[in-house]
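model39.tsv follows; it contains TSV, C-alpha atoms.
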```
chain	number	residue	atom	x	y	z
A	139	GLN	CA	-27.77	15.62	-31.83
A	140	VAL	CA	-28.22	11.88	-31.23
A	141	GLY	CA	-27.05	9.77	-28.27
A	142	GLY	CA	-28.11	7.12	-25.80
A	143	SER	CA	-28.40	3.44	-26.73
A	144	LEU	CA	-30.38	1.34	-29.20
A	145	THR	CA	-33.03	0.55	-26.57
A	146	ALA	CA	-33.06	4.03	-25.00
A	147	PRO	CA	-31.96	6.59	-27.57
A	148	THR	CA	-31.80	10.33	-27.05
A	149	ALA	CA	-32.09	13.03	-29.67
A	150	ALA	CA	-32.25	16.82	-29.79
A	151	LEU	CA	-33.22	19.05	-32.69
A	152	SER	CA	-33.10	22.81	-33.02
A	153	VAL	CA	-34.11	24.75	-36.13
A	154	GLN	CA	-34.27	28.50	-36.63
A	155	SER	CA	-35.15	30.46	-39.73
A	156	PRO	CA	-35.59	34.24	-39.98
A	157	SER	CA	-37.78	33.91	-43.09
A	158	LEU	CA	-39.34	31.03	-45.02
A	159	SER	CA	-41.87	30.76	-47.88
A	160	VAL	CA	-43.61	27.55	-49.00
A	161	SER	CA	-46.55	27.30	-51.42
A	162	GLY	CA	-47.83	30.81	-50.79
A	163	VAL	CA	-47.31	30.65	-47.01
A	164	HIS	CA	-44.75	33.14	-45.68
A	165	VAL	CA	-43.23	32.64	-42.23
A	166	VAL	CA	-41.11	35.11	-40.28
A	167	GLY	CA	-39.20	34.18	-37.13
A	168	LEU	CA	-39.45	30.38	-37.12
A	169	SER	CA	-38.02	28.47	-34.15
A	170	VAL	CA	-38.38	24.72	-33.54
A	171	LYS	CA	-36.96	22.72	-30.63
A	172	ALA	CA	-37.50	19.00	-30.06
A	173	ASN	CA	-36.13	16.44	-27.59
A	174	LEU	CA	-36.52	12.65	-27.41
A	175	ALA	CA	-35.50	10.35	-24.55
A	176	GLY	CA	-36.51	7.18	-22.78
A	177	LYS	CA	-37.21	3.64	-23.96
A	178	LEU	CA	-38.41	3.00	-27.50
A	179	LYS	CA	-41.58	1.30	-26.25
A	180	SER	CA	-42.48	4.25	-24.04
A	181	PRO	CA	-40.57	7.36	-25.15
A	182	ASN	CA	-40.66	10.84	-23.73
A	183	ALA	CA	-40.69	13.63	-26.29
A	184	ASP	CA	-41.08	17.40	-26.29
A	185	LEU	CA	-41.71	19.74	-29.19
A	186	GLU	CA	-41.97	23.51	-29.18
A	187	ALA	CA	-42.49	25.58	-32.33
A	188	ARG	CA	-42.82	29.35	-32.52
A	189	ILE	CA	-43.62	31.64	-35.43
A	190	GLY	CA	-43.43	35.40	-35.14
A	191	ARG	CA	-45.65	36.10	-38.12
A	192	LEU	CA	-47.42	33.82	-40.60
A	193	THR	CA	-49.07	35.11	-43.78
A	194	SER	CA	-51.26	33.10	-46.12
A	195	GLY	CA	-53.14	35.18	-48.66
A	196	GLU	CA	-55.09	37.82	-46.70
A	197	LEU	CA	-54.87	35.88	-43.44
A	198	ILE	CA	-52.19	37.07	-41.01
A	199	SER	CA	-51.33	35.29	-37.75
A	200	THR	CA	-48.86	36.45	-35.11
A	201	GLY	CA	-47.40	34.90	-31.99
A	202	VAL	CA	-48.03	31.34	-33.16
A	203	THR	CA	-46.92	28.80	-30.53
A	204	VAL	CA	-47.28	25.02	-30.59
A	205	ARG	CA	-46.19	22.80	-27.68
A	206	ALA	CA	-46.53	19.01	-27.71
A	207	ARG	CA	-45.38	16.47	-25.13
A	208	VAL	CA	-45.38	12.70	-24.92
A	209	GLU	CA	-44.56	11.33	-21.48
A	210	GLY	CA	-45.03	7.57	-21.45
A	211	PRO	CA	-48.71	7.02	-22.32
A	212	ALA	CA	-49.72	10.66	-21.70
A	213	VAL	CA	-49.97	13.05	-24.64
A	214	THR	CA	-50.63	16.80	-24.52
A	215	LEU	CA	-50.84	19.52	-27.15
A	216	ASP	CA	-51.25	23.28	-26.77
A	217	ALA	CA	-51.45	25.73	-29.65
A	218	THR	CA	-52.18	29.46	-29.66
A	219	ALA	CA	-52.14	32.21	-32.26
A	220	SER	CA	-53.38	35.75	-32.64
A	221	VAL	CA	-55.37	36.48	-35.82
A	222	PRO	CA	-56.30	40.19	-35.78
A	223	LYS	CA	-58.84	39.72	-38.57
A	224	MET	CA	-60.84	37.34	-36.34
A	225	GLY	CA	-60.86	39.53	-33.23
A	226	PRO	CA	-58.68	40.64	-30.31
A	227	ASP	CA	-58.65	37.33	-28.42
A	228	PRO	CA	-56.23	34.57	-29.48
A	229	LEU	CA	-57.21	31.29	-31.07
A	230	ALA	CA	-56.31	28.38	-28.80
A	231	LEU	CA	-56.37	24.60	-28.98
A	232	LYS	CA	-55.66	22.30	-26.03
A	233	VAL	CA	-55.62	18.49	-26.14
A	234	ALA	CA	-54.79	15.92	-23.45
A	235	GLY	CA	-55.16	12.17	-23.55
A	236	VAL	CA	-53.69	8.80	-22.65
A	237	LEU	CA	-52.60	6.01	-25.02
A	238	ASN	CA	-53.15	2.35	-24.21
A	239	GLN	CA	-50.12	0.06	-23.89
A	240	ALA	CA	-50.38	-1.17	-27.48
A	241	ARG	CA	-50.66	2.42	-28.80
A	242	THR	CA	-53.82	1.42	-30.71
A	243	GLU	CA	-56.35	3.41	-28.68
A	244	ALA	CA	-56.44	6.74	-26.91
A	245	ARG	CA	-58.65	8.14	-24.19
A	246	LEU	CA	-59.25	11.81	-24.88
A	247	ASN	CA	-59.65	13.56	-21.54
A	248	GLU	CA	-59.46	17.19	-22.59
A	249	LEU	CA	-60.16	19.09	-25.78
A	250	THR	CA	-60.85	22.81	-25.93
A	251	LEU	CA	-61.11	25.03	-28.98
A	252	SER	CA	-61.32	28.76	-28.36
A	253	TYR	CA	-61.73	31.69	-30.68
A	254	PRO	CA	-63.00	35.23	-30.03
A	255	GLY	CA	-66.36	35.01	-28.27
A	256	THR	CA	-66.53	31.20	-28.18
A	257	ARG	CA	-64.95	28.34	-26.24
A	258	PHE	CA	-65.88	24.77	-27.14
A	259	ALA	CA	-64.88	22.18	-24.51
A	260	LEU	CA	-65.05	18.40	-24.38
A	261	HIS	CA	-68.19	17.18	-22.61
A	262	GLY	CA	-66.87	13.97	-21.03
A	263	PRO	CA	-63.98	11.69	-22.08
A	264	ALA	CA	-63.93	10.15	-25.56
A	265	GLN	CA	-62.44	6.79	-26.56
A	266	ILE	CA	-60.67	6.76	-29.92
A	267	GLU	CA	-59.52	3.73	-31.94
A	268	LEU	CA	-56.50	5.05	-33.82
A	269	SER	CA	-56.45	2.31	-36.45
A	270	GLY	CA	-59.78	3.49	-37.90
A	271	PRO	CA	-59.92	6.14	-36.77
A	272	ARG	CA	-63.15	5.64	-34.82
A	273	VAL	CA	-64.61	7.36	-31.76
A	274	ASP	CA	-67.33	6.22	-29.37
A	275	ARG	CA	-68.67	9.76	-28.79
A	276	LEU	CA	-66.88	13.08	-28.97
A	277	GLU	CA	-68.99	16.00	-27.83
A	278	LEU	CA	-67.90	19.62	-27.72
A	279	SER	CA	-70.10	22.24	-26.13
A	280	ASP	CA	-70.24	25.98	-25.58
A	281	GLY	CA	-73.43	26.92	-23.77
A	282	THR	CA	-76.28	25.54	-25.88
A	283	GLN	CA	-74.02	25.02	-28.90
A	284	ARG	CA	-72.99	21.40	-29.52
A	285	ILE	CA	-70.76	19.52	-31.97
A	286	ILE	CA	-71.03	15.73	-31.68
A	287	LEU	CA	-69.06	13.06	-33.56
A	288	THR	CA	-69.63	9.30	-33.32
A	289	GLY	CA	-68.30	6.31	-35.26
A	290	GLY	CA	-65.69	6.42	-38.00
A	291	VAL	CA	-63.89	3.79	-40.06
A	292	GLU	CA	-63.55	0.08	-39.34
A	293	LYS	CA	-61.88	-2.24	-41.88
A	294	LYS	CA	-62.47	0.35	-44.64
A	295	LYS	CA	-66.18	0.44	-43.82
A	296	LEU	CA	-67.53	3.87	-43.05
A	297	LEU	CA	-70.16	4.41	-40.37
A	298	ALA	CA	-70.03	7.86	-38.85
A	299	LYS	CA	-72.40	10.57	-37.67
A	300	ALA	CA	-71.89	14.27	-37.09
A	301	GLU	CA	-74.34	16.57	-35.33
A	302	VAL	CA	-74.29	20.33	-34.93
A	303	GLN	CA	-76.82	21.75	-32.49
A	304	LYS	CA	-77.79	25.41	-32.09
A	305	LEU	CA	-74.67	26.79	-33.75
A	306	ASN	CA	-74.86	30.59	-33.75
A	307	LEU	CA	-73.60	31.87	-37.10
A	308	GLU	CA	-72.95	35.32	-35.68
A	309	LYS	CA	-70.37	33.79	-33.32
A	310	LEU	CA	-68.28	32.22	-36.08
A	311	PRO	CA	-64.78	33.74	-36.29
A	312	ARG	CA	-64.56	36.82	-38.46
A	313	GLY	CA	-62.57	35.98	-41.59
A	314	LEU	CA	-63.78	32.38	-41.70
A	315	LEU	CA	-66.48	33.35	-44.21
A	316	PRO	CA	-66.62	36.32	-46.60
A	317	SER	CA	-67.17	39.44	-44.51
A	318	ASP	CA	-69.82	40.87	-46.83
A	319	LEU	CA	-72.19	37.97	-46.05
A	320	ASN	CA	-72.76	39.02	-42.42
A	321	LEU	CA	-74.60	35.77	-41.71
A	322	ALA	CA	-76.99	35.34	-38.78
A	323	GLY	CA	-79.17	32.53	-37.50
A	324	ILE	CA	-79.05	29.25	-35.58
A	325	VAL	CA	-77.97	26.08	-37.40
A	326	ASN	CA	-78.89	22.47	-36.61
A	327	LEU	CA	-77.23	19.83	-38.77
A	328	THR	CA	-77.20	16.05	-38.86
A	329	ALA	CA	-74.92	14.18	-41.28
A	330	ASN	CA	-74.49	10.42	-41.67
A	331	ALA	CA	-71.66	8.79	-43.62
A	332	THR	CA	-71.87	5.16	-44.76
A	333	GLY	CA	-70.33	2.95	-47.44
A	334	THR	CA	-66.57	2.57	-47.72
A	335	THR	CA	-63.62	4.94	-47.63
A	336	SER	CA	-63.26	4.61	-51.41
A	337	ALA	CA	-67.01	5.00	-52.11
A	338	PRO	CA	-68.61	7.01	-49.29
A	339	ASN	CA	-72.28	7.92	-49.06
A	340	VAL	CA	-73.26	11.04	-47.13
A	341	ALA	CA	-76.78	12.11	-46.19
A	342	ALA	CA	-77.35	15.39	-44.37
A	343	HIS	CA	-80.24	17.39	-42.97
A	344	LEU	CA	-79.84	21.08	-42.16
A	345	GLU	CA	-82.20	23.44	-40.35
A	346	LEU	CA	-81.68	27.19	-40.13
A	347	ALA	CA	-83.73	29.25	-37.67
A	348	GLY	CA	-83.79	33.03	-37.96
A	349	GLY	CA	-81.42	32.89	-40.89
A	350	LYS	CA	-80.60	36.09	-42.70
A	351	VAL	CA	-77.88	38.08	-44.36
A	352	LEU	CA	-77.26	41.21	-42.34
A	353	THR	CA	-76.64	44.48	-44.13
```

Take the structure from the file and write it as C-alpha cells.
Amino acid sequence: QVGGSLTAPTAALSVQSPSLSVSGVHVVGLSVKANLAGKLKSPNADLEARIGRLTSGELISTGVTVRARVEGPAVTLDATASVPKMGPDPLALKVAGVLNQARTEARLNELTLSYPGTRFALHGPAQIELSGPRVDRLELSDGTQRIILTGGVEKKKLLAKAEVQKLNLEKLPRGLLPSDLNLAGIVNLTANATGTTSAPNVAAHLELAGGKVLT
C-alpha cells in the first residue's frame, strides 16, 4: 500500500507465508511487516519479521524475531532467536546508532551480541564511515574477553586490524564447531590487512594458552 506525496511518501507492506524453502533453508511461519513515512531526506521506517521455525542443514532455530527502526537519524536493530543446539538461552543482537545529516557516517552507540554463557557489549561509542566502510575503533568485551576492530577501506586501499584477546574456546556456542572437537584454551589473535580490496594482504599471529581437545 502506497500513499502520501512525492516529497513525503508513505508505504506499508505485509507478507505472510506458512512455509517457504530457498537454497536448502526451510522456513515455517514467516511474517513480515514494514512501514515507511516522513520526508525522503529523513524518513521514518519500521520493519518486523518473525519466523516460527528455521531449518538449515542440522541447525534449527525457533522464535526468530527481527525488529528494525529508522527514526530520522536514529537507527535501531534487535534480533533474537532460540537455537536449542547451542544452549537454552536465546541468541540476541542489539544495535543502536545515529547517522550524520549526509548519511555518510554513523555513530554506533550500542552493540551487544549474546549467546548462551556469553554477552559481548560495545566498550564505548564507535565512529563508522559508511563509504569505506571504516571504523575508528570498535571494541566488544565480555569480562576479560575482547574483540577489537580498527580501520577498514578508504578509496579501495585496505588498512585494517583485528584483535582477539583472551577468548575462551569453551564458551563458544555449541554447534558453531564440530561437537567432537571439544576445544578448550584461551586464544589471543592479531590480524592486519593491507593492500587493496582486489589484492589484499593479511598477516596474523595467534597464541593459544592451555589449548587442548577434551575427550

Query raised in the report: Suppose you want the space between CA of Gly201 (chain A) and CA of Val221 (chain A); what is it in Å?
Result: 9.0 Å

**Report entry** Neighbour list for region 337-352 of chain A as a PyMOL selection string, cut-off 10 Å, all atoms listed in the file, skip fewer than 6 positions in-chain
**Finding:** chain A and resi 294-308+318-331

Report task. With only C-alpha atoms counted, which protein, DNA or RNA residues have an atom no more than 8 Å from (-55.4, 18.3, -28.0) in the file frame? Please answer as a list in words. Result ->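 Nearby residues: Thr214, Leu215, Asp216, Leu231, Lys232, Val233, Ala234, Gly235, Glu248, Leu249 and Thr250 of chain A.
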
**Report entry** Computed interatomic separation between CA of Arg284 (chain A) and CA of Val208 (chain A) (Å)
**Finding:**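 For CA of Arg284 (chain A) relative to CA of Val208 (chain A), the distance reads 29.3 Å.
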
Query raised in the report: Which polymer residues have any atom within 7 Å of an atom of Ala183 (chain A), counting all atoms listed in the file, with same-chain residues fewer than 2 positions away left out, as a ChimeraX atom specification?
Result: /A:173-175,181,185,207-209

Query raised in the report: What would the list of residues within 9 Å of (-38.2, 23.6, -33.5) (file frame) look like as a PyMOL selection string, if all atoms listed in the file are what count?
Result: chain A and resi 151-154+168-172+185-188

**Report entry** Spatial neighbours of Ser269 (chain A), 10 Å, all atoms listed in the file, chain gap at least 2 places, as a list in words
**Finding:** Arg241, Thr242, Glu243, Ile266, Glu267, Pro271, Arg272, Val291, Glu292 and Lys293 of chain A

Query raised in the report: With all atoms listed in the file as the basis for distance, which of A:Asp274, A:Lys179, A:Gly190, A:Thr145 is at the shortest distance from Leu158 (chain A)?
Result: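 Residue with the minimum atom-to-atom distance to Leu158 (chain A): A:Gly190.
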
Query raised in the report: Which of these residues is nearest to Asp227 (chain A), using only C-alpha atoms: A:Pro311, A:Leu287, A:Ser180, A:Ile198?
Result: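 Going through A:Pro311, A:Leu287, A:Ser180, A:Ile198 one by one, the smallest distance to Asp227 (chain A) is for A:Pro311.
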
Query raised in the report: Can you tell me how far CA of Val140 (chain A) sits from CA of Leu237 (chain A), in Å to one decimal?
Result: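 About the pair CA of Val140 (chain A) and CA of Leu237 (chain A): they are 25.8 Å apart.
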
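With distances restricted to all atoms listed in the file, A:Ala219 is the closest residue to Val204 (chain A) from A:Leu192, A:Val163, A:Ala244, A:Ala219.
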
Requested in this report: Would you please work out which residue, of A:Ser194, A:Ser220, A:Asn182, A:Thr203, is nearest to Ala149 (chain A) when using only C-alpha atoms?
Outcome: A:Asn182

Report task. Choose the residue, out of A:Ser159, A:Ser252, A:Thr218, A:Ser143, that has the smallest atom-to-atom separation from Thr193 (chain A); count only C-alpha atoms. Result ->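 Between A:Ser159, A:Ser252, A:Thr218, A:Ser143, the residue approaching Thr193 (chain A) most closely is A:Ser159.
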
Edge lengths and centre, in Å to one decimal, as JSON: that's what I need for the box along x, y and z that holds all listed atoms of region 221-237 of chain A plus 8 Å on each side.
```
{"center_x": -56.7, "center_y": 23.3, "center_z": -30.6, "size_x": 24.3, "size_y": 50.6, "size_z": 31.9}
```

Will you model N, CA, C and O atoms for region 159-185 of chain A and pass it back as a compact mmCIF listing (two decimals), in the frame of the given file?
```txt
# COMPACT_ATOMS: atom_id res chain seq x y z
N SER A 159 -40.65 30.73 -47.06
CA SER A 159 -41.87 30.76 -47.88
C SER A 159 -42.07 29.41 -48.55
O SER A 159 -41.14 28.87 -49.17
N VAL A 160 -43.27 28.84 -48.40
CA VAL A 160 -43.61 27.55 -49.00
C VAL A 160 -45.05 27.61 -49.50
O VAL A 160 -45.97 27.85 -48.72
N SER A 161 -45.22 27.41 -50.81
CA SER A 161 -46.55 27.30 -51.42
C SER A 161 -47.49 28.44 -51.02
O SER A 161 -48.63 28.22 -50.62
N GLY A 162 -46.99 29.66 -51.08
CA GLY A 162 -47.83 30.81 -50.79
C GLY A 162 -47.94 31.16 -49.32
O GLY A 162 -48.63 32.13 -48.96
N VAL A 163 -47.31 30.37 -48.44
CA VAL A 163 -47.31 30.65 -47.01
C VAL A 163 -45.97 31.26 -46.63
O VAL A 163 -44.92 30.65 -46.88
N HIS A 164 -45.99 32.44 -46.05
CA HIS A 164 -44.75 33.14 -45.68
C HIS A 164 -44.62 33.18 -44.16
O HIS A 164 -45.54 33.59 -43.46
N VAL A 165 -43.49 32.72 -43.66
CA VAL A 165 -43.23 32.64 -42.23
C VAL A 165 -42.03 33.52 -41.87
O VAL A 165 -41.01 33.48 -42.54
N VAL A 166 -42.19 34.27 -40.80
CA VAL A 166 -41.11 35.11 -40.28
C VAL A 166 -40.85 34.72 -38.83
O VAL A 166 -41.78 34.62 -38.03
N GLY A 167 -39.58 34.48 -38.51
CA GLY A 167 -39.20 34.18 -37.13
C GLY A 167 -39.60 32.78 -36.70
O GLY A 167 -40.30 32.61 -35.69
N LEU A 168 -39.14 31.77 -37.44
CA LEU A 168 -39.45 30.38 -37.12
C LEU A 168 -38.42 29.81 -36.16
O LEU A 168 -37.22 29.94 -36.36
N SER A 169 -38.90 29.14 -35.11
CA SER A 169 -38.02 28.47 -34.15
C SER A 169 -38.65 27.15 -33.76
O SER A 169 -39.81 27.11 -33.35
N VAL A 170 -37.89 26.05 -33.89
CA VAL A 170 -38.38 24.72 -33.54
C VAL A 170 -37.35 24.03 -32.65
O VAL A 170 -36.16 24.00 -32.99
N LYS A 171 -37.81 23.50 -31.52
CA LYS A 171 -36.96 22.72 -30.63
C LYS A 171 -37.66 21.41 -30.29
O LYS A 171 -38.85 21.41 -29.99
N ALA A 172 -36.91 20.31 -30.36
CA ALA A 172 -37.50 19.00 -30.06
C ALA A 172 -36.49 18.15 -29.31
O ALA A 172 -35.28 18.23 -29.57
N ASN A 173 -36.98 17.34 -28.37
CA ASN A 173 -36.13 16.44 -27.59
C ASN A 173 -36.81 15.08 -27.47
O ASN A 173 -38.04 15.00 -27.31
N LEU A 174 -36.01 14.02 -27.54
CA LEU A 174 -36.52 12.65 -27.41
C LEU A 174 -35.63 11.89 -26.45
O LEU A 174 -34.40 11.97 -26.52
N ALA A 175 -36.25 11.15 -25.52
CA ALA A 175 -35.50 10.35 -24.55
C ALA A 175 -36.38 9.22 -24.06
O ALA A 175 -37.58 9.18 -24.31
N GLY A 176 -35.75 8.28 -23.34
CA GLY A 176 -36.51 7.18 -22.78
C GLY A 176 -36.45 5.94 -23.64
O GLY A 176 -35.78 5.89 -24.68
N LYS A 177 -37.20 4.90 -23.23
CA LYS A 177 -37.21 3.64 -23.96
C LYS A 177 -38.06 3.75 -25.22
O LYS A 177 -39.03 4.50 -25.27
N LEU A 178 -37.69 2.96 -26.24
CA LEU A 178 -38.41 3.00 -27.50
C LEU A 178 -39.89 2.65 -27.34
O LEU A 178 -40.75 3.20 -28.02
N LYS A 179 -40.19 1.71 -26.43
CA LYS A 179 -41.58 1.30 -26.25
C LYS A 179 -42.42 2.34 -25.52
O LYS A 179 -43.65 2.33 -25.61
N SER A 180 -41.76 3.23 -24.79
CA SER A 180 -42.48 4.25 -24.04
C SER A 180 -41.62 5.52 -23.97
O SER A 180 -41.10 5.88 -22.91
N PRO A 181 -41.48 6.22 -25.11
CA PRO A 181 -40.57 7.36 -25.15
C PRO A 181 -41.17 8.61 -24.51
O PRO A 181 -42.38 8.74 -24.34
N ASN A 182 -40.28 9.51 -24.16
CA ASN A 182 -40.66 10.84 -23.73
C ASN A 182 -40.17 11.82 -24.79
O ASN A 182 -39.01 11.76 -25.21
N ALA A 183 -41.05 12.69 -25.23
CA ALA A 183 -40.69 13.63 -26.29
C ALA A 183 -41.32 14.98 -26.04
O ALA A 183 -42.44 15.07 -25.52
N ASP A 184 -40.59 16.03 -26.40
CA ASP A 184 -41.08 17.40 -26.29
C ASP A 184 -40.85 18.12 -27.61
O ASP A 184 -39.82 17.94 -28.26
N LEU A 185 -41.83 18.92 -27.98
CA LEU A 185 -41.71 19.74 -29.19
C LEU A 185 -42.25 21.13 -28.89
O LEU A 185 -43.34 21.27 -28.31
```
